[in-house]
Amino acid sequence: INIFRDIIGIENLTTEQHNSYHSDKNLLVINGPAGSGKTILLVAKIIQLIKSNEQNRAVLFIFSLQNNSLERYQDAFNKADISSKVVDLREVATDGETDTAVQKILDNKENNRIVIVRVELVFSNEKLEKALGILIGSNTHVFIDDCQADLYLDDLAAEFLVTTCKEISVTNLVWIACDLTQRNHLCHLTIGDKTVCSFIHEMSQNIVTLSLNLRNTF
């Protein structure tokens with residue numbers, strides 16, 4: 001089966017998309033503007049991993065405020081006949097509820113090949129830290145989509161993401177899709193720019209950049 005053609009509906013990839021998809025790096029940051037094809041690469045890589053080995057599991061973190069982003073992933077996984085479950089951290093209010101929600105990620109991972117975690121945009125994302133932290137050493141591939149706003153909103157986000165994702169990537173794939181040039185209207189740009197610059201510096205050997213190409217997105 002051709003994942004891009006038969007499941008996602010893309011006939012051909014650009015050279016940038018092809019090279020990114022076939023990267024041999026466990027830790028990869030796919031940088032590019034909206035419409036460059038970041039999401040299709042995450043979708044395809046998740047499906048490829050799950051289909052290639054019955055033991056493979058993936059947790060996908062989605063920061064997008066739009067429901068259509070979640071629906072795109074679910075539609076593709078359904079077409080690929082892969083079970084998935086959604087855990088919404090945005091509905092969690094207290095530390096106790098956070099611990100319960102994080103445990104749901106582990107529980108659902110046992111019965112579903114993919115767990116999709118919806119994450120809110122806040123100035124201090126402790127829920128994300130707990131959720132990512134439990135995946136260290138858990139034999140789980142991790143994918144993070146649209147996290148650029150979190151980098152601008154949380155001045156500790158870059159340090160945390162770099163440290164945690166590097167630990168997870170020792171044994172599993174960690175792919176991060178984001179637009180590192182995006183400005184979010186909620187952020188203090190002085191903090192945000194400093195944080196993103198730190199993230200780029202620490203991840204410099206793991207960043208690939210895509211150009212805008214609306215023909216090869218969905």
# chains A, B, ... in the order shown; residues from 1 in each chain; ligands from 1
$ select_by_dssp --residues "segment 27-65 of chain A" --states "strand (DSSP E)" --output "PyMOL selection string"
chain A and resi 27-31+58-62
$ write_last_selection --atoms "C-alpha atoms" --output "PDB file, in the first residue's frame"
ATOM      1  CA  LEU A  27      14.610  13.125  16.708  1.00  0.00           C
ATOM      2  CA  LEU A  28      13.304  15.349  13.918  1.00  0.00           C
ATOM      3  CA  VAL A  29      11.859  18.871  13.963  1.00  0.00           C
ATOM      4  CA  ILE A  30       9.871  19.559  10.799  1.00  0.00           C
ATOM      5  CA  ASN A  31       9.729  23.323  10.423  1.00  0.00           C
ATOM      6  CA  ALA A  58       2.441   6.066  19.107  1.00  0.00           C
ATOM      7  CA  VAL A  59       1.258   9.030  21.142  1.00  0.00           C
ATOM      8  CA  LEU A  60       0.373  12.137  19.146  1.00  0.00           C
ATOM      9  CA  PHE A  61       0.117  15.527  20.873  1.00  0.00           C
ATOM     10  CA  ILE A  62      -2.000  18.119  19.034  1.00  0.00           C
TER      11      ILE A  62
END
$ select_by_dssp --residues "segment 1-217 of chain A" --states "helix (DSSP H, G or I)" --output "ChimeraX atom specification"
/A:3-8,15-21,38-52,67-79,89-91,95-111,126-133,148-153,157-168,189-202,204-206,214-216
$ atom_distance --atom1 "atom CA of Gly32 of chain A" --atom2 "atom CA of Ser211 of chain A"
6.2 Å
$ closest_residue --among "A:Lys127, A:Lys109, A:Lys38, A:Arg5" --to "Ser20 of chain A" --atoms "only C-alpha atoms"
A:Lys38
$ atom_distance --atom1 "atom CA of Lys130 of chain A" --atom2 "atom CA of Thr195 of chain A"
20.2 Å
$ residues_around --residues "Asn139 of chain A" --least-positions-apart "4" --cutoff "12 Å" --atoms "only C-alpha atoms" --output "ChimeraX atom specification"
/A:55-59,106,109-110,134-135,167-174
$ closest_residue --among "A:Asp150, A:Glu91, A:Asp24, A:Asp145" --to "Tyr73 of chain A" --atoms "only C-alpha atoms"
A:Asp145
$ residues_around --residues "segment 49-52 of chain A" --least-positions-apart "4" --cutoff "9 Å" --atoms "only C-alpha atoms" --output "PyMOL selection string"
chain A and resi 44-45+56-58+80+82+113-114+141
$ write_last_selection --atoms "N, CA, C and O atoms" --output "CSV table (one decimal), in the first residue's frame"
chain,number,residue,atom,x,y,z
A,44,ALA,N,1.7,10.1,7.9
A,44,ALA,CA,2.3,9.0,7.1
A,44,ALA,C,3.3,8.2,8.0
A,44,ALA,O,3.3,7.0,7.9
A,45,LYS,N,4.1,8.9,8.7
A,45,LYS,CA,5.1,8.2,9.5
A,45,LYS,C,4.5,7.4,10.6
A,45,LYS,O,4.9,6.3,10.9
A,56,ASN,N,4.4,-1.8,17.8
A,56,ASN,CA,4.6,-0.3,17.8
A,56,ASN,C,3.4,0.4,18.3
A,56,ASN,O,2.3,0.1,18.0
A,57,ARG,N,3.7,1.4,19.1
A,57,ARG,CA,2.6,2.3,19.6
A,57,ARG,C,3.1,3.7,19.4
A,57,ARG,O,4.3,4.0,19.4
A,58,ALA,N,2.1,4.7,19.3
A,58,ALA,CA,2.4,6.1,19.1
A,58,ALA,C,1.5,6.9,19.9
A,58,ALA,O,0.3,6.6,20.1
A,80,ALA,N,-6.6,3.7,7.4
A,80,ALA,CA,-5.5,2.7,7.5
A,80,ALA,C,-5.9,1.5,8.4
A,80,ALA,O,-5.1,0.6,8.6
A,82,ILE,N,-6.5,1.5,11.7
A,82,ILE,CA,-5.7,1.6,12.9
A,82,ILE,C,-6.5,2.2,14.0
A,82,ILE,O,-7.1,3.2,13.8
A,113,ARG,N,-3.5,1.4,19.2
A,113,ARG,CA,-2.2,1.5,18.6
A,113,ARG,C,-1.7,3.0,18.7
A,113,ARG,O,-0.6,3.3,18.7
A,114,ILE,N,-2.7,3.9,18.7
A,114,ILE,CA,-2.4,5.3,18.7
A,114,ILE,C,-3.2,6.0,19.7
A,114,ILE,O,-4.4,5.8,19.8
A,141,HIS,N,6.6,5.7,20.4
A,141,HIS,CA,7.0,6.8,19.5
A,141,HIS,C,6.1,8.0,19.8
A,141,HIS,O,4.9,7.9,20.0
$ closest_residue --among "A:Val162, A:Phe63, A:Cys147, A:Ser83" --to "Val117 of chain A" --atoms "only C-alpha atoms"
A:Phe63
$ residues_around --residues "Asn213 of chain A" --least-positions-apart "2" --cutoff "12 Å" --atoms "only C-alpha atoms" --output "ChimeraX atom specification"
/A:12-17,32-38,40,210-211,215-218
$ residues_around --residues "Phe160 of chain A" --least-positions-apart "5" --cutoff "10 Å" --atoms "only C-alpha atoms" --output "PyMOL selection string"
chain A and resi 128-129+132-133+155+165-166+199
$ write_last_selection --atoms "N, CA and C atoms" --output "PDB file, in the first residue's frame"
ATOM      1  N   LEU A 128       1.400  18.993  29.862  1.00  0.00           N
ATOM      2  CA  LEU A 128       2.234  18.417  28.805  1.00  0.00           C
ATOM      3  C   LEU A 128       3.497  17.812  29.396  1.00  0.00           C
ATOM      4  N   GLU A 129       4.079  18.481  30.357  1.00  0.00           N
ATOM      5  CA  GLU A 129       5.314  17.973  30.973  1.00  0.00           C
ATOM      6  C   GLU A 129       5.080  16.613  31.620  1.00  0.00           C
ATOM      7  N   LEU A 132       4.372  13.942  28.737  1.00  0.00           N
ATOM      8  CA  LEU A 132       5.589  13.550  28.013  1.00  0.00           C
ATOM      9  C   LEU A 132       6.544  12.793  28.927  1.00  0.00           C
ATOM     10  N   GLY A 133       6.601  13.230  30.172  1.00  0.00           N
ATOM     11  CA  GLY A 133       7.531  12.608  31.116  1.00  0.00           C
ATOM     12  C   GLY A 133       7.295  11.123  31.307  1.00  0.00           C
ATOM     13  N   ASP A 155       8.158  30.304  28.624  1.00  0.00           N
ATOM     14  CA  ASP A 155       9.597  30.539  28.485  1.00  0.00           C
ATOM     15  C   ASP A 155      10.443  29.338  28.921  1.00  0.00           C
ATOM     16  N   CYS A 165      12.438  15.284  24.894  1.00  0.00           N
ATOM     17  CA  CYS A 165      12.390  14.640  23.578  1.00  0.00           C
ATOM     18  C   CYS A 165      13.706  13.952  23.237  1.00  0.00           C
ATOM     19  N   LYS A 166      14.809  14.510  23.670  1.00  0.00           N
ATOM     20  CA  LYS A 166      16.092  13.846  23.443  1.00  0.00           C
ATOM     21  C   LYS A 166      16.175  12.536  24.222  1.00  0.00           C
ATOM     22  N   PHE A 199      15.450  27.068  21.429  1.00  0.00           N
ATOM     23  CA  PHE A 199      14.991  25.799  20.868  1.00  0.00           C
ATOM     24  C   PHE A 199      15.715  25.497  19.556  1.00  0.00           C
TER      25      PHE A 199
END
$ atom_distance --atom1 "atom CA of Ala76 of chain A" --atom2 "atom CA of Glu11 of chain A"
15.3 Å
$ closest_residue --among "A:Ile7, A:Leu212, A:Ala149, A:Leu42" --to "Trp175 of chain A" --atoms "only C-alpha atoms"
A:Leu42
$ closest_residue --among "A:Gln103, A:Lys194, A:Val87, A:Ile176" --to "Ile207 of chain A" --atoms "only C-alpha atoms"
A:Ile176
